[in-house]
>>> print(open('input_37.cif').read())   # mmCIF, C-alpha atoms and all ligand atoms
data_protein
#
loop_
_atom_site.group_PDB
_atom_site.id
_atom_site.type_symbol
_atom_site.label_atom_id
_atom_site.label_comp_id
_atom_site.auth_asym_id
_atom_site.auth_seq_id
_atom_site.Cartn_x
_atom_site.Cartn_y
_atom_site.Cartn_z
ATOM 1 C CA MET A 2 261.098 88.751 186.125
ATOM 2 C CA LEU A 3 263.155 91.863 186.724
ATOM 3 C CA VAL A 4 261.479 94.282 189.146
ATOM 4 C CA THR A 5 263.361 97.532 189.434
ATOM 5 C CA PRO A 6 262.819 101.155 190.411
ATOM 6 C CA PHE A 7 265.760 102.214 188.218
ATOM 7 C CA LEU A 8 265.426 103.628 184.700
ATOM 8 C CA HIS A 9 268.928 102.517 183.709
ATOM 9 C CA GLU A 10 268.146 98.884 184.566
ATOM 10 C CA VAL A 11 264.995 98.920 182.431
ATOM 11 C CA ARG A 12 266.933 100.413 179.546
ATOM 12 C CA ALA A 13 269.702 97.820 179.909
ATOM 13 C CA ALA A 14 267.144 94.974 179.892
ATOM 14 C CA ARG A 15 265.400 96.483 176.878
ATOM 15 C CA TRP A 16 268.596 96.623 174.825
ATOM 16 C CA ALA A 17 270.179 93.355 176.034
ATOM 17 C CA GLU A 18 268.545 91.619 173.038
ATOM 18 C CA PRO A 19 267.883 94.422 170.556
ATOM 19 C CA GLY A 20 266.195 92.306 167.866
ATOM 20 C CA LEU A 21 263.218 91.305 170.033
ATOM 21 C CA THR A 22 259.750 92.859 170.029
ATOM 22 C CA TRP A 23 258.517 94.472 173.236
ATOM 23 C CA GLY A 24 255.003 95.122 174.505
ATOM 24 C CA LEU A 25 254.516 97.805 177.161
ATOM 25 C CA VAL A 26 251.578 98.033 179.565
ATOM 26 C CA PRO A 27 251.584 101.302 181.543
ATOM 27 C CA THR A 28 249.646 101.098 184.827
ATOM 28 C CA MET A 29 249.195 102.811 188.163
ATOM 29 C CA GLY A 30 249.097 99.452 189.970
ATOM 30 C CA ALA A 31 246.421 97.888 192.211
ATOM 31 C CA LEU A 32 246.077 95.495 189.320
ATOM 32 C CA HIS A 33 242.846 93.721 188.373
ATOM 33 C CA GLU A 34 241.587 91.602 185.485
ATOM 34 C CA GLY A 35 241.309 94.707 183.281
ATOM 35 C CA HIS A 36 245.050 95.334 183.561
ATOM 36 C CA LEU A 37 245.787 91.628 183.206
ATOM 37 C CA SER A 38 243.805 91.471 179.944
ATOM 38 C CA LEU A 39 246.249 94.033 178.539
ATOM 39 C CA VAL A 40 249.221 92.070 179.886
ATOM 40 C CA ARG A 41 247.939 88.826 178.319
ATOM 41 C CA ARG A 42 247.431 90.509 174.954
ATOM 42 C CA ALA A 43 250.954 91.964 175.173
ATOM 43 C CA ARG A 44 252.327 88.541 176.177
ATOM 44 C CA ALA A 45 250.653 86.922 173.156
ATOM 45 C CA GLU A 46 251.913 89.499 170.657
ATOM 46 C CA ASN A 47 255.515 90.215 171.713
ATOM 47 C CA ASP A 48 258.794 88.489 172.600
ATOM 48 C CA ARG A 49 259.146 90.510 175.804
ATOM 49 C CA VAL A 50 256.617 92.305 178.023
ATOM 50 C CA GLY A 51 257.300 95.333 180.204
ATOM 51 C CA VAL A 52 254.874 96.772 182.753
ATOM 52 C CA SER A 53 255.224 100.064 184.575
ATOM 53 C CA ILE A 54 253.632 100.674 187.960
ATOM 54 C CA PHE A 55 253.666 104.359 188.828
ATOM 55 C CA VAL A 56 250.992 106.446 190.535
ATOM 56 C CA ASN A 57 251.734 109.546 188.518
ATOM 57 C CA PRO A 58 251.232 112.566 190.787
ATOM 58 C CA ILE A 59 251.078 115.115 187.955
ATOM 59 C CA GLN A 60 247.954 113.558 186.432
ATOM 60 C CA PHE A 61 245.924 113.927 189.641
ATOM 61 C CA ASN A 62 244.006 117.168 189.984
ATOM 62 C CA ARG A 63 242.542 116.332 193.424
ATOM 63 C CA PRO A 64 245.108 115.797 196.221
ATOM 64 C CA GLU A 65 242.678 113.541 198.133
ATOM 65 C CA ASP A 66 242.371 111.291 195.050
ATOM 66 C CA LEU A 67 246.174 110.913 194.877
ATOM 67 C CA ALA A 68 246.433 110.280 198.638
ATOM 68 C CA SER A 69 243.704 107.612 198.653
ATOM 69 C CA TYR A 70 244.761 105.863 195.432
ATOM 70 C CA PRO A 71 245.282 102.148 196.270
ATOM 71 C CA ARG A 72 248.869 100.890 196.328
ATOM 72 C CA GLN A 73 249.804 97.175 196.497
ATOM 73 C CA VAL A 74 253.011 96.735 194.538
ATOM 74 C CA GLU A 75 254.063 93.384 196.045
ATOM 75 C CA ARG A 76 250.766 91.730 195.164
ATOM 76 C CA ASP A 77 250.895 93.359 191.712
ATOM 77 C CA CYS A 78 254.325 91.834 191.058
ATOM 78 C CA GLU A 79 253.084 88.361 192.052
ATOM 79 C CA LEU A 80 250.240 88.688 189.543
ATOM 80 C CA LEU A 81 252.612 89.905 186.830
ATOM 81 C CA ALA A 82 255.125 87.112 187.464
ATOM 82 C CA ALA A 83 252.298 84.584 187.010
ATOM 83 C CA GLU A 84 251.523 86.170 183.621
ATOM 84 C CA GLY A 85 255.097 85.736 182.406
ATOM 85 C CA VAL A 86 256.025 89.435 182.405
ATOM 86 C CA ASP A 87 259.736 90.122 181.842
ATOM 87 C CA VAL A 88 260.331 93.584 183.323
ATOM 88 C CA VAL A 89 258.393 95.642 185.878
ATOM 89 C CA TRP A 90 259.438 99.248 186.361
ATOM 90 C CA THR A 91 258.380 100.708 189.730
ATOM 91 C CA PRO A 92 260.007 104.149 189.685
ATOM 92 C CA SER A 93 259.923 106.534 192.623
ATOM 93 C CA GLU A 94 258.654 110.049 191.964
ATOM 94 C CA ALA A 95 262.270 111.259 192.058
ATOM 95 C CA GLU A 96 263.319 108.663 189.474
ATOM 96 C CA MET A 97 260.529 109.748 187.109
ATOM 97 C CA TYR A 98 260.788 113.483 187.804
ATOM 98 C CA PRO A 99 264.299 114.193 189.119
ATOM 99 C CA PRO A 100 265.037 117.560 190.724
ATOM 100 C CA GLY A 101 265.044 120.238 188.024
ATOM 101 C CA TYR A 102 262.585 118.339 185.815
ATOM 102 C CA GLN A 103 260.808 120.830 183.509
ATOM 103 C CA THR A 104 259.585 119.142 180.308
ATOM 104 C CA TYR A 105 255.895 118.414 179.638
ATOM 105 C CA VAL A 106 253.952 117.087 176.638
ATOM 106 C CA THR A 107 250.644 118.745 175.776
ATOM 107 C CA VAL A 108 248.102 117.440 173.259
ATOM 108 C CA GLU A 109 245.608 120.164 172.362
ATOM 109 C CA GLU A 110 242.009 119.920 171.034
ATOM 110 C CA ILE A 111 241.207 116.314 171.866
ATOM 111 C CA THR A 112 242.177 116.822 175.528
ATOM 112 C CA ARG A 113 239.717 119.720 176.019
ATOM 113 C CA PRO A 114 236.288 118.040 176.423
ATOM 114 C CA LEU A 115 235.114 115.321 178.846
ATOM 115 C CA GLU A 116 237.880 114.230 181.259
ATOM 116 C CA GLY A 117 240.030 117.169 180.171
ATOM 117 C CA ALA A 118 237.307 119.655 181.092
ATOM 118 C CA ALA A 119 236.468 117.896 184.359
ATOM 119 C CA ARG A 120 240.103 117.328 185.424
ATOM 120 C CA PRO A 121 242.295 120.326 184.488
ATOM 121 C CA GLY A 122 245.902 119.307 183.828
ATOM 122 C CA HIS A 123 245.085 115.581 183.860
ATOM 123 C CA PHE A 124 246.026 114.777 180.271
ATOM 124 C CA ARG A 125 249.199 116.883 180.396
ATOM 125 C CA GLY A 126 250.274 114.596 183.222
ATOM 126 C CA VAL A 127 249.257 111.477 181.298
ATOM 127 C CA THR A 128 250.955 112.393 178.028
ATOM 128 C CA THR A 129 254.116 113.504 179.801
ATOM 129 C CA VAL A 130 254.524 110.268 181.727
ATOM 130 C CA VAL A 131 253.514 108.055 178.791
ATOM 131 C CA ALA A 132 255.960 109.837 176.475
ATOM 132 C CA LYS A 133 258.706 109.193 179.020
ATOM 133 C CA LEU A 134 257.662 105.525 179.356
ATOM 134 C CA PHE A 135 257.805 105.201 175.569
ATOM 135 C CA ASN A 136 261.328 106.629 175.568
ATOM 136 C CA VAL A 137 262.487 104.339 178.374
ATOM 137 C CA PHE A 138 260.992 101.067 177.059
ATOM 138 C CA GLN A 139 260.959 101.915 173.335
ATOM 139 C CA PRO A 140 258.234 99.293 172.907
ATOM 140 C CA THR A 141 257.099 97.785 169.622
ATOM 141 C CA ARG A 142 253.515 97.950 170.870
ATOM 142 C CA ALA A 143 251.856 99.746 173.788
ATOM 143 C CA TYR A 144 248.593 98.526 175.337
ATOM 144 C CA PHE A 145 245.795 100.704 176.699
ATOM 145 C CA GLY A 146 242.209 100.040 177.809
ATOM 146 C CA GLN A 147 239.015 101.323 176.183
ATOM 147 C CA LYS A 148 237.909 101.938 179.792
ATOM 148 C CA ASP A 149 239.780 105.252 179.459
ATOM 149 C CA ALA A 150 238.457 105.987 175.974
ATOM 150 C CA GLN A 151 239.640 109.591 175.795
ATOM 151 C CA GLN A 152 243.072 108.654 177.143
ATOM 152 C CA ALA A 153 243.440 106.079 174.365
ATOM 153 C CA ALA A 154 242.455 108.693 171.773
ATOM 154 C CA VAL A 155 244.887 111.222 173.261
ATOM 155 C CA ILE A 156 247.751 108.713 173.232
ATOM 156 C CA ARG A 157 247.008 107.781 169.609
ATOM 157 C CA GLN A 158 247.095 111.482 168.722
ATOM 158 C CA MET A 159 250.420 111.995 170.528
ATOM 159 C CA VAL A 160 251.978 108.936 168.864
ATOM 160 C CA ARG A 161 250.885 110.177 165.454
ATOM 161 C CA ASP A 162 251.939 113.791 166.033
ATOM 162 C CA LEU A 163 255.343 113.055 167.577
ATOM 163 C CA ALA A 164 256.051 110.022 165.335
ATOM 164 C CA PHE A 165 256.678 107.579 168.175
ATOM 165 C CA ASN A 166 257.797 104.384 166.465
ATOM 166 C CA LEU A 167 255.252 102.021 167.992
ATOM 167 C CA GLU A 168 251.755 100.631 167.582
ATOM 168 C CA VAL A 169 249.002 101.606 170.027
ATOM 169 C CA VAL A 170 246.715 98.667 170.875
ATOM 170 C CA VAL A 171 243.406 99.443 172.614
ATOM 171 C CA CYS A 172 241.738 96.545 174.477
ATOM 172 C CA PRO A 173 238.042 96.130 175.430
ATOM 173 C CA ILE A 174 236.627 97.040 178.847
ATOM 174 C CA VAL A 175 236.685 94.175 181.360
ATOM 175 C CA ARG A 176 233.663 94.206 183.673
ATOM 176 C CA GLU A 177 232.545 92.579 186.918
ATOM 177 C CA PRO A 178 229.688 90.041 186.543
ATOM 178 C CA ASP A 179 227.170 92.790 187.435
ATOM 179 C CA GLY A 180 228.517 95.095 184.722
ATOM 180 C CA LEU A 181 230.667 97.448 186.804
ATOM 181 C CA ALA A 182 233.807 98.293 184.818
ATOM 182 C CA MET A 183 236.864 97.053 186.693
ATOM 183 C CA SER A 184 238.877 99.887 188.222
ATOM 184 C CA SER A 185 241.484 100.183 190.948
ATOM 185 C CA ARG A 186 239.220 102.832 192.525
ATOM 186 C CA ASN A 187 236.465 100.202 193.014
ATOM 187 C CA LEU A 188 238.523 99.048 196.035
ATOM 188 C CA LEU A 189 237.609 102.340 197.715
ATOM 189 C CA LEU A 190 233.830 101.751 197.508
ATOM 190 C CA LYS A 191 231.922 100.848 200.692
ATOM 191 C CA ALA A 192 229.400 97.975 200.401
ATOM 192 C CA ASP A 193 226.361 100.163 199.655
ATOM 193 C CA GLU A 194 228.431 102.261 197.229
ATOM 194 C CA ARG A 195 229.633 99.137 195.446
ATOM 195 C CA ARG A 196 225.993 98.166 194.857
ATOM 196 C CA ALA A 197 225.138 101.702 193.681
ATOM 197 C CA ALA A 198 228.136 101.760 191.297
ATOM 198 C CA THR A 199 226.367 99.486 188.819
ATOM 199 C CA VAL A 200 224.257 102.513 187.880
ATOM 200 C CA LEU A 201 226.889 103.683 185.358
ATOM 201 C CA TYR A 202 226.584 100.507 183.306
ATOM 202 C CA ARG A 203 222.802 100.451 183.711
ATOM 203 C CA ALA A 204 222.647 104.009 182.324
ATOM 204 C CA LEU A 205 224.838 103.056 179.343
ATOM 205 C CA LYS A 206 222.741 99.951 178.651
ATOM 206 C CA ALA A 207 219.508 101.975 178.817
ATOM 207 C CA ALA A 208 220.874 104.338 176.158
ATOM 208 C CA GLU A 209 222.013 101.347 174.107
ATOM 209 C CA ALA A 210 218.490 99.876 174.327
ATOM 210 C CA ALA A 211 217.053 103.205 173.138
ATOM 211 C CA TRP A 212 219.567 103.184 170.261
ATOM 212 C CA GLN A 213 218.563 99.644 169.326
ATOM 213 C CA GLY A 214 214.935 100.822 169.394
ATOM 214 C CA GLY A 215 215.839 103.421 166.758
ATOM 215 C CA GLN A 216 216.665 106.436 168.913
ATOM 216 C CA ARG A 217 219.471 108.427 167.207
ATOM 217 C CA ASP A 218 219.103 111.842 168.825
ATOM 218 C CA ALA A 219 222.175 112.620 170.931
ATOM 219 C CA GLU A 220 220.326 114.729 173.487
ATOM 220 C CA ALA A 221 217.708 112.008 173.928
ATOM 221 C CA LEU A 222 220.495 109.476 174.582
ATOM 222 C CA ARG A 223 222.039 111.807 177.179
ATOM 223 C CA ALA A 224 218.600 112.286 178.781
ATOM 224 C CA THR A 225 218.102 108.511 178.996
ATOM 225 C CA MET A 226 221.433 108.108 180.818
ATOM 226 C CA ARG A 227 220.724 111.051 183.149
ATOM 227 C CA ALA A 228 217.315 109.614 184.053
ATOM 228 C CA VAL A 229 218.833 106.277 185.126
ATOM 229 C CA LEU A 230 221.595 108.015 187.096
ATOM 230 C CA ALA A 231 219.030 110.248 188.829
ATOM 231 C CA GLY A 232 217.380 107.103 190.207
ATOM 232 C CA GLU A 233 220.469 106.255 192.308
ATOM 233 C CA PRO A 234 220.648 108.400 195.472
ATOM 234 C CA LEU A 235 224.372 107.694 196.075
ATOM 235 C CA ALA A 236 225.342 108.882 192.563
ATOM 236 C CA ARG A 237 226.371 112.467 191.783
ATOM 237 C CA VAL A 238 226.888 113.134 188.078
ATOM 238 C CA ASP A 239 230.066 114.920 186.985
ATOM 239 C CA TYR A 240 229.242 114.713 183.275
ATOM 240 C CA VAL A 241 227.188 112.646 180.828
ATOM 241 C CA SER A 242 228.178 112.722 177.172
ATOM 242 C CA ALA A 243 227.143 111.509 173.736
ATOM 243 C CA ALA A 244 230.110 112.502 171.590
ATOM 244 C CA ASP A 245 231.712 111.847 168.229
ATOM 245 C CA PRO A 246 233.935 108.772 168.834
ATOM 246 C CA VAL A 247 236.811 110.256 166.818
ATOM 247 C CA THR A 248 236.882 113.978 167.689
ATOM 248 C CA LEU A 249 235.137 113.572 171.091
ATOM 249 C CA THR A 250 233.087 116.709 170.444
ATOM 250 C CA GLU A 251 229.553 116.633 171.844
ATOM 251 C CA LEU A 252 226.894 115.641 169.304
ATOM 252 C CA ASP A 253 223.600 117.389 168.627
ATOM 253 C CA GLY A 254 220.794 115.905 166.574
ATOM 254 C CA ALA A 255 220.948 112.555 164.830
ATOM 255 C CA ALA A 256 224.103 110.434 165.301
ATOM 256 C CA THR A 257 225.510 107.574 163.223
ATOM 257 C CA HIS A 258 228.393 106.707 165.598
ATOM 258 C CA VAL A 259 228.448 107.799 169.206
ATOM 259 C CA LEU A 260 230.715 107.439 172.231
ATOM 260 C CA LEU A 261 228.494 107.415 175.312
ATOM 261 C CA SER A 262 230.557 108.280 178.362
ATOM 262 C CA MET A 263 230.146 109.526 181.890
ATOM 263 C CA ALA A 264 231.918 110.395 185.097
ATOM 264 C CA VAL A 265 229.929 109.872 188.278
ATOM 265 C CA PHE A 266 230.830 110.274 191.939
ATOM 266 C CA ILE A 267 229.649 107.390 194.095
ATOM 267 C CA GLY A 268 230.279 108.816 197.540
ATOM 268 C CA GLN A 269 233.822 110.219 197.360
ATOM 269 C CA VAL A 270 234.900 107.889 194.547
ATOM 270 C CA ARG A 271 234.837 109.190 190.972
ATOM 271 C CA LEU A 272 234.080 106.454 188.424
ATOM 272 C CA ILE A 273 234.059 106.597 184.612
ATOM 273 C CA ASP A 274 232.569 104.280 182.020
ATOM 274 C CA ASN A 275 231.705 104.322 178.324
ATOM 275 C CA LEU A 276 230.117 102.456 175.434
ATOM 276 C CA VAL A 277 230.461 102.974 171.675
ATOM 277 C CA LEU A 278 227.344 102.662 169.488
ATOM 278 C CA GLY A 279 227.263 102.314 165.708
ATOM 279 C CA GLY A 280 230.916 101.234 165.393
ATOM 280 C CA GLU A 281 233.853 103.474 166.254
ATOM 281 C CA GLY A 282 234.255 105.255 162.946
ATOM 282 C CA SER A 283 237.762 105.324 161.528
ATOM 283 C CA PRO A 284 240.224 107.746 163.135
HETATM 284 P P1 LIG B 1 245.354 102.542 185.330
HETATM 285 O O1 LIG B 1 246.180 101.674 186.218
HETATM 286 O O2 LIG B 1 243.996 102.854 185.872
HETATM 287 O O3 LIG B 1 246.108 103.767 184.867
HETATM 288 O O4 LIG B 1 245.072 101.686 184.018
HETATM 289 C C1 LIG B 1 246.137 101.160 183.263
HETATM 290 C C2 LIG B 1 245.601 100.684 181.946
HETATM 291 O O5 LIG B 1 244.625 99.665 182.162
HETATM 292 C C3 LIG B 1 244.888 101.805 181.156
HETATM 293 O O6 LIG B 1 245.223 101.695 179.789
HETATM 294 C C4 LIG B 1 243.443 101.503 181.418
HETATM 295 O O7 LIG B 1 242.586 101.958 180.373
HETATM 296 C C5 LIG B 1 243.445 99.991 181.473
HETATM 297 N N1 LIG B 1 242.276 99.520 182.203
HETATM 298 C C6 LIG B 1 241.865 99.913 183.438
HETATM 299 N N2 LIG B 1 240.706 99.310 183.762
HETATM 300 C C7 LIG B 1 240.368 98.532 182.710
HETATM 301 C C8 LIG B 1 239.260 97.657 182.433
HETATM 302 N N3 LIG B 1 238.260 97.475 183.305
HETATM 303 N N4 LIG B 1 239.248 97.019 181.242
HETATM 304 C C9 LIG B 1 240.239 97.206 180.345
HETATM 305 N N5 LIG B 1 241.300 98.010 180.542
HETATM 306 C C10 LIG B 1 241.368 98.667 181.723
#
>>> encode(input="input_37.cif", output="C-alpha cells")
Amino acid sequence: MLVTPFLHEVRAARWAEPGLTWGLVPTMGALHEGHLSLVRRARAENDRVGVSIFVNPIQFNRPEDLASYPRQVERDCELLAAEGVDVVWTPSEAEMYPPGYQTYVTVEEITRPLEGAARPGHFRGVTTVVAKLFNVFQPTRAYFGQKDAQQAAVIRQMVRDLAFNLEVVVCPIVREPDGLAMSSRNLLLKADERRAATVLYRALKAAEAAWQGGQRDAEALRATMRAVLAGEPLARVDYVSAADPVTLTELDGAATHVLLSMAVFIGQVRLIDNLVLGGEGSP
C-alpha cells in the first residue's frame, strides 16, 4: 500500500496501469466501520482502491470543531492496509491548497437547506475538495455514505452538472449496536453524552413507527422527532427536518417519500442522522 502526502505520487500510481478501474473513498480519517464499509464495497467493485485522508479546513465553519476533530492517521493506515487498499493520500493543507490557491466549486439550490443553512460555507468546502480529489484520482467510482445524505445529493448534483466521468455510489448508514450512527465525532463524547447520543436514532425510529401507523403529515413527523429529542436533557436541537428526499426542500402536508434528518448537539459535539421513509424517489 502506497501512503503518500504528495499529489504527484498519487497521480503516478493512478496512471501506472491506465486500463484498470479505480474506486475512491474520500475521508477525513479517524476511521470506523462506516468508512470501512465504503472501502470494502470499493474493494469488491474495482481493480484498485484509493482512499484520501484529509481534514479539510475549508468545510469547517466552527474553528473549535476543526481543532477538536480526531486525527489518527497511523492507525487509519493500518486499518486500510488490512482491507487491501492500494493508495492512501494524506495531503498537507499546503499540498491541497498551495499558496495562491483561489478556485472553489459551488453547487447552488440543493446546498441551501439543512446542513447548508446550519453550516454556512460547508458545502463549498466539500465540493471544492471532492472536485480536486476526483481530478487527482480520476476514479471509475466514488463511494459516499448515506450518513451524510445531503452531501451525497450535492456530490451527485456536482458530478452531473460538471460531467465528471465517474459513478457515485452511496452506501447505507453503519450503526453501533444501540443504533447510534458511527461517526468520527463519537470519539469526542463523554460517557453520559455517549448514552444520550442514542436519542437521534430513537427520534427517527419514533417517526418511522408513526409512519408505519399511517401518519403521513410532515409536520406531525417533525413533532414526533422533536418530542423524543426534548426528553433528553443533554441534547440541544440544531434542526429537525422532514424533507423531499430528492430536492431536500421541507415538506408540508401529506408525504409519499420523506427524508427525516436532524442535527443535534450533545454537549459540544454536533451529531447528524437520517432515515428515508417510503423509498428514496428517483433523482
Ligand atoms: P468523513 O470522514 O466523516 O468525511 O466520512 C467519509 C465518508 O464516510 C462519507 O462519505 C461519509 O458519509 C461516510 N460515513 C461516515 N460515517 C458513516 C456511517 N456511519 N455509515 C456509512 N458511511 C459513513
>>> resolve_selection(input="input_37.cif", expression="the PyMOL selection byres (((not hetatm)) within 9 of (chain B and resi 1))", output="VMD selection string")
chain A and resid 26 to 39 54 to 57 144 to 150 152 to 153 171 to 177 181 to 186 274
>>> resolve_selection(input="input_37.cif", expression="the PyMOL selection byres (((chain A and resi 82) around 12) and not hetatm)", output="PDB file with C-alpha atoms, keeping the file's coordinate frame")
ATOM      1  CA  MET A   2     261.098  88.751 186.125  1.00  0.00           C
ATOM      2  CA  LEU A   3     263.155  91.863 186.724  1.00  0.00           C
ATOM      3  CA  VAL A   4     261.479  94.282 189.146  1.00  0.00           C
ATOM      4  CA  LEU A  37     245.787  91.628 183.206  1.00  0.00           C
ATOM      5  CA  VAL A  40     249.221  92.070 179.886  1.00  0.00           C
ATOM      6  CA  ARG A  41     247.939  88.826 178.319  1.00  0.00           C
ATOM      7  CA  ARG A  44     252.327  88.541 176.177  1.00  0.00           C
ATOM      8  CA  VAL A  50     256.617  92.305 178.023  1.00  0.00           C
ATOM      9  CA  GLY A  51     257.300  95.333 180.204  1.00  0.00           C
ATOM     10  CA  VAL A  52     254.874  96.772 182.753  1.00  0.00           C
ATOM     11  CA  GLU A  75     254.063  93.384 196.045  1.00  0.00           C
ATOM     12  CA  ARG A  76     250.766  91.730 195.164  1.00  0.00           C
ATOM     13  CA  ASP A  77     250.895  93.359 191.712  1.00  0.00           C
ATOM     14  CA  CYS A  78     254.325  91.834 191.058  1.00  0.00           C
ATOM     15  CA  GLU A  79     253.084  88.361 192.052  1.00  0.00           C
ATOM     16  CA  LEU A  80     250.240  88.688 189.543  1.00  0.00           C
ATOM     17  CA  LEU A  81     252.612  89.905 186.830  1.00  0.00           C
ATOM     18  CA  ALA A  83     252.298  84.584 187.010  1.00  0.00           C
ATOM     19  CA  GLU A  84     251.523  86.170 183.621  1.00  0.00           C
ATOM     20  CA  GLY A  85     255.097  85.736 182.406  1.00  0.00           C
ATOM     21  CA  VAL A  86     256.025  89.435 182.405  1.00  0.00           C
ATOM     22  CA  ASP A  87     259.736  90.122 181.842  1.00  0.00           C
ATOM     23  CA  VAL A  88     260.331  93.584 183.323  1.00  0.00           C
ATOM     24  CA  VAL A  89     258.393  95.642 185.878  1.00  0.00           C
TER      25      VAL A  89
END
>>> resolve_selection(input="input_37.cif", expression="the PyMOL selection byres (((chain A and resi 269) around 9) and not hetatm)", output="PyMOL selection string")
chain A and resi 66+189-190+266-268+270-271
>>> write_last_selection(input="input_37.cif", atoms="C-alpha atoms", output="short mmCIF file (atom, residue, chain, number, x, y, z; two decimals), in the frame of the given file")
data_model
loop_
_atom_site.label_atom_id
_atom_site.label_comp_id
_atom_site.auth_asym_id
_atom_site.auth_seq_id
_atom_site.Cartn_x
_atom_site.Cartn_y
_atom_site.Cartn_z
CA ASP A 66 242.37 111.29 195.05
CA LEU A 189 237.61 102.34 197.72
CA LEU A 190 233.83 101.75 197.51
CA PHE A 266 230.83 110.27 191.94
CA ILE A 267 229.65 107.39 194.10
CA GLY A 268 230.28 108.82 197.54
CA VAL A 270 234.90 107.89 194.55
CA ARG A 271 234.84 109.19 190.97
#
>>> atom_distance(input="input_37.cif", atom1="atom CA of A:Pro6", atom2="atom CA of A:Glu18")
20.6 Å
>>> closest_residue(input="input_37.cif", among="A:Ile59, A:Val131, A:Ala221, A:Leu115", to="A:Thr248", atoms="only C-alpha atoms")
A:Leu115
>>> atom_distance(input="input_37.cif", atom1="atom CA of A:Val259", atom2="atom CA of A:Val170")
20.5 Å
>>> axis_aligned_box(input="input_37.cif", around="stretch 213-219 of chain A", padding_each_side="8 Å", output="JSON")
{"center_x": 218.6, "center_y": 106.1, "center_z": 168.8, "size_x": 23.2, "size_y": 29.0, "size_z": 20.2}
>>> closest_residue(input="input_37.cif", among="A:Ala118, A:Leu276, A:Asp218, A:Glu233", to="A:Leu252", atoms="all atoms listed in the file")
A:Asp218
>>> atom_distance(input="input_37.cif", atom1="atom CA of A:Trp23", atom2="atom CA of A:His9")
16.8 Å
>>> residues_near_point(input="input_37.cif", point="(245.9, 108.1, 164.1)", cutoff="12 Å", atoms="only C-alpha atoms", output="ChimeraX atom specification")
/A:153-165,167-170,247-248,283-284
>>> closest_residue(input="input_37.cif", among="A:Gly126, A:Gly232, A:Pro92, A:Gly117", to="A:Ser53", atoms="all atoms listed in the file")
A:Pro92
>>> residues_around(input="input_37.cif", residues="A:Ala264", least_positions_apart="3", cutoff="8 Å", atoms="all atoms listed in the file", output="mmCIF file with C-alpha atoms, keeping the file's coordinate frame")
data_model
loop_
_atom_site.group_PDB
_atom_site.id
_atom_site.type_symbol
_atom_site.label_atom_id
_atom_site.label_comp_id
_atom_site.auth_asym_id
_atom_site.auth_seq_id
_atom_site.Cartn_x
_atom_site.Cartn_y
_atom_site.Cartn_z
ATOM 1 C CA VAL A 238 226.888 113.134 188.078
ATOM 2 C CA ASP A 239 230.066 114.920 186.985
ATOM 3 C CA TYR A 240 229.242 114.713 183.275
ATOM 4 C CA VAL A 241 227.188 112.646 180.828
ATOM 5 C CA ARG A 271 234.837 109.190 190.972
ATOM 6 C CA LEU A 272 234.080 106.454 188.424
ATOM 7 C CA ILE A 273 234.059 106.597 184.612
ATOM 8 C CA ASP A 274 232.569 104.280 182.020
#
>>> residues_near_point(input="input_37.cif", point="(226.8, 102.0, 193.8)", cutoff="10 Å", atoms="only C-alpha atoms", output="compact mmCIF listing (two decimals) with C-alpha atoms, keeping the file's coordinate frame")
# COMPACT_ATOMS: atom_id res chain seq x y z
CA LEU A 181 230.67 97.45 186.80
CA ASN A 187 236.46 100.20 193.01
CA LEU A 190 233.83 101.75 197.51
CA LYS A 191 231.92 100.85 200.69
CA ALA A 192 229.40 97.98 200.40
CA ASP A 193 226.36 100.16 199.66
CA GLU A 194 228.43 102.26 197.23
CA ARG A 195 229.63 99.14 195.45
CA ARG A 196 225.99 98.17 194.86
CA ALA A 197 225.14 101.70 193.68
CA ALA A 198 228.14 101.76 191.30
CA THR A 199 226.37 99.49 188.82
CA VAL A 200 224.26 102.51 187.88
CA LEU A 201 226.89 103.68 185.36
CA GLU A 233 220.47 106.26 192.31
CA PRO A 234 220.65 108.40 195.47
CA LEU A 235 224.37 107.69 196.08
CA ALA A 236 225.34 108.88 192.56
CA PHE A 266 230.83 110.27 191.94
CA ILE A 267 229.65 107.39 194.10
CA GLY A 268 230.28 108.82 197.54
>>> residues_around(input="input_37.cif", residues="A:Arg63", least_positions_apart="3", cutoff="10 Å", atoms="only C-alpha atoms", output="PyMOL selection string")
chain A and resi 58+60+66-68+120-121+123
>>> residues_around(input="input_37.cif", residues="A:Arg227", least_positions_apart="4", cutoff="8 Å", atoms="all atoms listed in the file", output="VMD selection string")
chain A and resid 204 223 231 241
>>> write_last_selection(input="input_37.cif", atoms="C-alpha atoms", output="PDB file, keeping the file's coordinate frame")
ATOM      1  CA  ALA A 204     222.647 104.009 182.324  1.00  0.00           C
ATOM      2  CA  ARG A 223     222.039 111.807 177.179  1.00  0.00           C
ATOM      3  CA  ALA A 231     219.030 110.248 188.829  1.00  0.00           C
ATOM      4  CA  VAL A 241     227.188 112.646 180.828  1.00  0.00           C
TER       5      VAL A 241
END
>>> residues_around(input="input_37.cif", residues="A:Glu96", least_positions_apart="5", cutoff="10 Å", atoms="only C-alpha atoms", output="PyMOL selection string")
chain A and resi 6-8+91
>>> closest_residue(input="input_37.cif", among="A:Gly279, A:Pro71, A:Pro178, A:Pro140", to="A:Leu21", atoms="only C-alpha atoms")
A:Pro140
>>> closest_residue(input="input_37.cif", among="A:Ala255, A:Leu25, A:Leu260, A:Val106", to="A:Phe138", atoms="all atoms listed in the file")
A:Leu25
